[in-house]
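Source file: model05.cif. Holds: mmCIF, C-alpha atoms.
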data_my_file
loop_
_atom_site.label_atom_id
_atom_site.label_comp_id
_atom_site.auth_asym_id
_atom_site.auth_seq_id
_atom_site.Cartn_x
_atom_site.Cartn_y
_atom_site.Cartn_z
CA MET P 583 -15.21 -27.99 18.92
CA LYS P 584 -16.98 -25.16 17.07
CA LEU P 585 -14.17 -22.80 18.04
CA LYS P 586 -11.58 -25.14 16.48
CA ILE P 587 -13.59 -25.34 13.26
CA TYR P 588 -13.81 -21.53 13.07
CA ILE P 589 -10.07 -21.20 13.69
CA VAL P 590 -9.27 -23.76 10.97
CA LEU P 591 -11.60 -21.98 8.51
CA LEU P 592 -10.08 -18.62 9.35
CA LEU P 593 -6.57 -19.99 8.77
CA LEU P 594 -7.58 -21.53 5.42
CA ILE P 595 -9.12 -18.26 4.26
CA SER P 596 -6.07 -16.26 5.30
CA ILE P 597 -3.63 -18.73 3.68
CA SER P 598 -5.55 -18.66 0.38
CA GLY P 599 -5.59 -14.84 0.51
CA ILE P 600 -1.84 -14.63 1.11
CA SER P 601 -0.99 -17.02 -1.71
CA GLN P 602 -2.71 -14.68 -4.17
CA VAL P 603 -0.31 -11.85 -3.33
CA LYS P 604 2.84 -11.79 -5.48
CA TYR P 605 5.93 -9.60 -5.59
CA ARG P 606 6.12 -7.71 -8.89
CA ARG P 607 8.38 -5.18 -10.58
CA LYS P 608 7.69 -2.63 -13.29
CA ILE P 609 10.08 -0.85 -15.61
CA GLU P 610 8.62 1.91 -17.75
CA VAL P 611 9.71 4.62 -20.15
CA GLY P 612 7.56 7.66 -20.75
CA TYR P 613 7.30 10.78 -22.87
CA LEU P 614 5.77 13.83 -21.14
CA HIS P 615 4.20 16.26 -23.61
CA PHE P 616 4.00 19.76 -22.10
CA MET P 617 0.49 21.28 -22.13
CA TYR P 618 0.61 24.48 -20.05
CA THR P 619 1.71 25.96 -16.73
CA THR P 620 -0.91 26.18 -14.02
CA ILE P 621 0.37 29.42 -12.43
CA ASN P 622 0.78 32.65 -14.37
CA TYR P 623 3.23 35.16 -12.90
CA ASP P 624 3.11 38.88 -13.54
CA MET P 625 6.69 40.12 -13.70
CA LEU P 626 7.49 43.56 -12.36
CA PRO P 627 9.52 45.83 -14.63
CA GLY P 628 13.23 45.48 -13.96
CA VAL P 629 12.93 42.18 -12.04
CA SER P 630 15.17 39.42 -13.40
CA TYR P 631 13.72 36.67 -11.18
CA ASP P 632 12.06 33.87 -13.19
CA PRO P 633 9.53 32.02 -10.98
CA VAL P 634 8.48 29.47 -13.60
CA LYS P 635 10.02 26.05 -12.84
CA LEU P 636 10.06 24.91 -16.47
CA ASN P 637 10.57 28.29 -18.11
CA ASN P 638 10.78 27.13 -21.75
CA GLN P 639 7.73 24.84 -21.71
CA GLN P 640 9.89 21.76 -22.07
CA ASN P 641 8.64 18.30 -22.98
CA GLY P 642 10.18 15.52 -20.94
CA ILE P 643 11.11 11.88 -20.71
CA ASP P 644 11.18 9.66 -17.65
CA ILE P 645 12.44 6.21 -16.78
CA ASN P 646 10.81 4.54 -13.76
CA ILE P 647 11.46 1.42 -11.70
CA VAL P 648 8.62 0.29 -9.42
CA ASN P 649 8.65 -2.50 -6.82
CA GLY P 650 5.43 -3.71 -5.25
CA VAL P 651 2.87 -6.44 -4.79
CA SER P 652 -0.07 -7.56 -6.87
CA TYR P 653 -3.22 -9.18 -5.60
CA ARG P 654 -4.85 -11.76 -7.89
CA ASP P 655 -2.94 -10.25 -10.84
CA LYS P 656 -5.50 -7.44 -10.90
CA LEU P 657 -4.48 -4.85 -8.30
CA PHE P 658 -0.86 -3.66 -8.08
CA ALA P 659 0.55 -1.27 -5.49
CA GLY P 660 4.19 -0.27 -5.32
CA VAL P 661 6.81 2.37 -4.65
CA GLY P 662 8.78 3.79 -7.55
CA LEU P 663 11.89 5.78 -8.29
CA GLY P 664 12.32 7.63 -11.57
CA TYR P 665 14.75 9.72 -13.60
CA LEU P 666 13.29 12.86 -15.21
CA ASN P 667 14.70 14.94 -18.06
CA PHE P 668 12.91 18.02 -19.40
CA GLU P 669 15.06 18.93 -22.43
CA GLY P 670 18.25 19.30 -20.38
CA ILE P 671 16.72 19.92 -16.93
CA SER P 672 17.14 16.63 -15.09
CA GLY P 673 15.80 15.38 -11.79
CA VAL P 674 14.34 12.49 -9.83
CA GLY P 675 10.90 11.38 -8.76
CA LEU P 676 9.72 9.24 -5.85
CA PHE P 677 6.12 8.03 -5.97
CA VAL P 678 3.47 5.48 -5.06
CA ASP P 679 2.05 3.60 -8.04
CA ILE P 680 -1.39 1.93 -8.03
CA GLN P 681 -2.61 -0.02 -11.06
CA TYR P 682 -5.87 -1.89 -11.55
CA THR P 683 -6.49 -4.35 -14.38
CA PRO P 684 -10.10 -5.57 -14.13
CA PHE P 685 -9.80 -8.64 -16.37
CA LYS P 686 -7.27 -11.45 -16.85
CA TRP P 687 -7.69 -11.47 -20.61
CA LYS P 688 -4.75 -11.59 -23.03
CA ILE P 689 -5.43 -7.91 -23.82
CA SER P 690 -7.06 -6.04 -20.96
CA PRO P 691 -7.78 -2.40 -20.07
CA LEU P 692 -6.05 -0.84 -17.08
CA VAL P 693 -6.18 2.29 -14.95
CA ASN P 694 -3.14 3.63 -13.16
CA SER P 695 -2.34 6.44 -10.73
CA LYS P 696 0.87 7.89 -9.34
CA PHE P 697 1.25 10.17 -6.34
CA GLY P 698 4.59 11.45 -5.11
CA TYR P 699 7.34 14.06 -5.26
CA SER P 700 9.73 15.25 -7.97
CA HIS P 701 12.84 17.39 -7.70
CA ILE P 702 14.52 18.97 -10.73
CA ARG P 703 17.76 20.93 -11.11
CA ASN P 704 16.60 24.07 -12.91
CA GLN P 705 17.57 27.76 -12.75
CA TYR P 706 17.26 27.88 -8.94
CA PRO P 707 20.43 27.31 -6.85
CA ASN P 708 18.99 24.20 -5.13
CA GLY P 709 16.54 23.22 -7.86
CA SER P 710 12.81 22.98 -7.22
CA GLY P 711 10.48 20.29 -6.03
CA SER P 712 6.78 19.65 -6.33
CA ALA P 713 4.11 17.00 -6.03
CA ILE P 714 3.44 14.46 -8.78
CA ILE P 715 -0.18 13.60 -9.48
CA GLU P 716 -0.87 11.37 -12.47
CA LEU P 717 -3.95 9.50 -13.71
CA ASP P 718 -3.69 7.14 -16.70
CA ALA P 719 -5.62 4.55 -18.66
CA GLY P 720 -4.32 2.03 -21.16
CA LEU P 721 -4.00 -1.56 -22.32
CA ARG P 722 -2.04 -4.50 -20.91
CA PHE P 723 -0.86 -7.32 -23.16
CA LYS P 724 -0.28 -10.56 -21.25
CA ALA P 725 2.85 -11.93 -22.95
CA ALA P 726 3.31 -14.93 -20.60
CA GLU P 727 2.36 -16.01 -17.11
CA GLY P 728 3.68 -13.29 -14.81
CA LEU P 729 4.82 -11.04 -17.69
CA GLY P 730 2.77 -8.12 -18.97
CA ILE P 731 3.54 -5.32 -21.43
CA TYR P 732 1.44 -2.19 -21.21
CA ILE P 733 0.91 1.15 -22.85
CA GLN P 734 -0.93 3.97 -21.12
CA SER P 735 -1.63 7.68 -21.34
CA GLY P 736 -3.48 10.25 -19.30
CA ILE P 737 -2.79 13.51 -17.46
CA CYS P 738 0.08 14.47 -15.14
CA HIS P 739 0.63 17.53 -12.95
CA SER P 740 4.16 18.28 -11.73
CA GLN P 741 6.43 21.34 -11.42
CA ASP P 742 3.41 23.71 -11.74
CA SER P 743 2.71 22.31 -15.23
CA PHE P 744 0.32 19.88 -16.90
CA PHE P 745 1.66 17.14 -19.15
CA ILE P 746 0.18 14.34 -21.25
CA PRO P 747 2.30 11.26 -20.47
CA VAL P 748 2.59 8.34 -22.89
CA ARG P 749 4.19 5.31 -21.22
CA LEU P 750 5.42 1.91 -22.34
CA GLY P 751 6.23 -0.55 -19.59
CA VAL P 752 6.87 -4.14 -18.57
CA MET P 753 5.57 -5.77 -15.40
CA PHE P 754 7.21 -9.00 -14.29
#

I need this file expressed as structure tokens, please.
Amino acid sequence: MKLKIYIVLLLLISISGISQVKYRRKIEVGYLHFMYTTINYDMLPGVSYDPVKLNNQQNGIDINIVNGVSYRDKLFAGVGLGYLNFEGISGVGLFVDIQYTPFKWKISPLVNSKFGYSHIRNQYPNGSGSAIIELDAGLRFKAAEGLGIYIQSGICHSQDSFFIPVRLGVMF
């Protein structure tokens, strides 16, 4: 009898936990302000090879689509695909996106991180790829039930360069 009660309680707990998980999508547009390159190359005299991936210190824009799940409308985890453009040098990014919103207020703070890979078509024959590491903080405005608009900024490292991203997005 006790075993049946424990099984019923365990099922109730697991059912209530599952019902708090919801499928969500995010669409975001960002501006990436170039700060500096992280690797300095000393060029040998007479060498025409340019090792810098973004050789003109380009600012960039990106458009991202993220699909994932949210738990209790506070923690979101998803996989995203993005288009990158650094003043004429275009590419794609594939990343994992994790966002935490601690409160369910109409206007609430949030923290966000992205980890992944980007590939741009620059001066190299096959382009160049690198890791994406981004940490952001911002505000979420709860427009309606299941609909949030957010703005965030932070620091991003990609293509051997640091950027300050400013993003505007919608989660639904």

- Task: Give as a ChimeraX atom specification each residue that has an atom at most 8 Å from (6.5, 11.6, -3.4) in the file, counting only C-alpha atoms.
- Result: /P:675-678,697-700,713-714

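When atom CA of His615 of chain P is paired with atom CA of Asn708 of chain P, their separation reads 25.0 Å.
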
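Of the listed residues (P:Phe745, P:Trp687, P:Phe658, P:Phe668), P:Phe658 comes nearest to Lys608 of chain P; the distances count only C-alpha atoms.
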
- Message: Quick check on the file I pasted: which residues fall under the PyMOL selection byres ((chain P and resi 646) around 7)? Write them as a list in words.
- Response: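 Written out, the selection comes to Ile609, Glu610, Val611, Asp644, Ile645, Ile647, Val648, Gly662, Leu663, Gly664 and Tyr665 of chain P.
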
- Message: Report, in Å to a single decimal, how far apart atom CA of Gly612 of chain P and atom CA of Gln639 of chain P are.
- Response: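 That distance, rounded to one decimal, is 17.2 Å.
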
- So what do you get for atom CA of Leu657 of chain P versus atom CA of Pro747 of chain P, distance-wise?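 These atoms are spaced 21.3 Å apart.
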
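In terms of minimum interatomic distance to Gly736 of chain P, P:Asn694 ranks closest within P:Asn667, P:Gln681, P:Ser672, P:Asn694, counting all atoms listed in the file.
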
- Query: Written as a ChimeraX atom specification, which residues does the PyMOL selection byres ((chain P and resi 691) around 9) give for the file shown?
  - Reply: /P:682-685,689-690,692-693,719-722

- Shell of 6 Å around Gly673 of chain P, all atoms listed in the file, local chain residues under 4 positions omitted, as a list in words: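 Residues meeting the cut-off are Leu666, His701, Ile702 and Arg703 of chain P.
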
Determine the axis-aligned bounding box of all atoms of segment 724-733 of chain P present in the file, pad each side by 5 Å, and express its centre and edge lengths in Å to one decimal place as AutoDock Vina command-line options.
--center_x 2.3 --center_y -7.4 --center_z -18.9 --size_x 15.1 --size_y 27.2 --size_z 18.1

- Exercise: Arg606 of chain P partners within 12 Å, all atoms listed in the file, chain neighbours under 5 positions left out, as number ranges by chain: P: 647-662, 681, 728-730, 752-754

Writing out the chosen residues with C-alpha atoms as a compact mmCIF listing (two decimals), in the frame of the given file:
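Written output follows (out-v3.txt):
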# COMPACT_ATOMS: atom_id res chain seq x y z
CA ILE P 647 11.46 1.42 -11.70
CA VAL P 648 8.62 0.29 -9.42
CA ASN P 649 8.65 -2.50 -6.82
CA GLY P 650 5.43 -3.71 -5.25
CA VAL P 651 2.87 -6.44 -4.79
CA SER P 652 -0.07 -7.56 -6.87
CA TYR P 653 -3.22 -9.18 -5.60
CA ARG P 654 -4.85 -11.76 -7.89
CA ASP P 655 -2.94 -10.25 -10.84
CA LYS P 656 -5.50 -7.44 -10.90
CA LEU P 657 -4.48 -4.85 -8.30
CA PHE P 658 -0.86 -3.66 -8.08
CA ALA P 659 0.55 -1.27 -5.49
CA GLY P 660 4.19 -0.27 -5.32
CA VAL P 661 6.81 2.37 -4.65
CA GLY P 662 8.78 3.79 -7.55
CA GLN P 681 -2.61 -0.02 -11.06
CA GLY P 728 3.68 -13.29 -14.81
CA LEU P 729 4.82 -11.04 -17.69
CA GLY P 730 2.77 -8.12 -18.97
CA VAL P 752 6.87 -4.14 -18.57
CA MET P 753 5.57 -5.77 -15.40
CA PHE P 754 7.21 -9.00 -14.29

- Message: So, with only C-alpha atoms as the atoms that count, which of P:Lys688, P:Lys696, P:Leu585, P:Gly711 lies closest to Ala725 of chain P?
- Response: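 Selected residue with least distance to Ala725 of chain P: P:Lys688.
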
- Identify which of the residues P:Phe744, P:Gln705, P:Ser710, P:Lys724 lies closest to Lys686 of chain P, counting all atoms listed in the file when measuring atom-to-atom distances. P:Lys724

- Compare P:Gly709, P:Asn704, P:Ile746, P:Gly670 by their minimum atom-to-atom distance to Tyr618 of chain P, counting all atoms listed in the file, and give me the closest one.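 Checking each candidate against Tyr618 of chain P, we get P:Ile746 as the closest.
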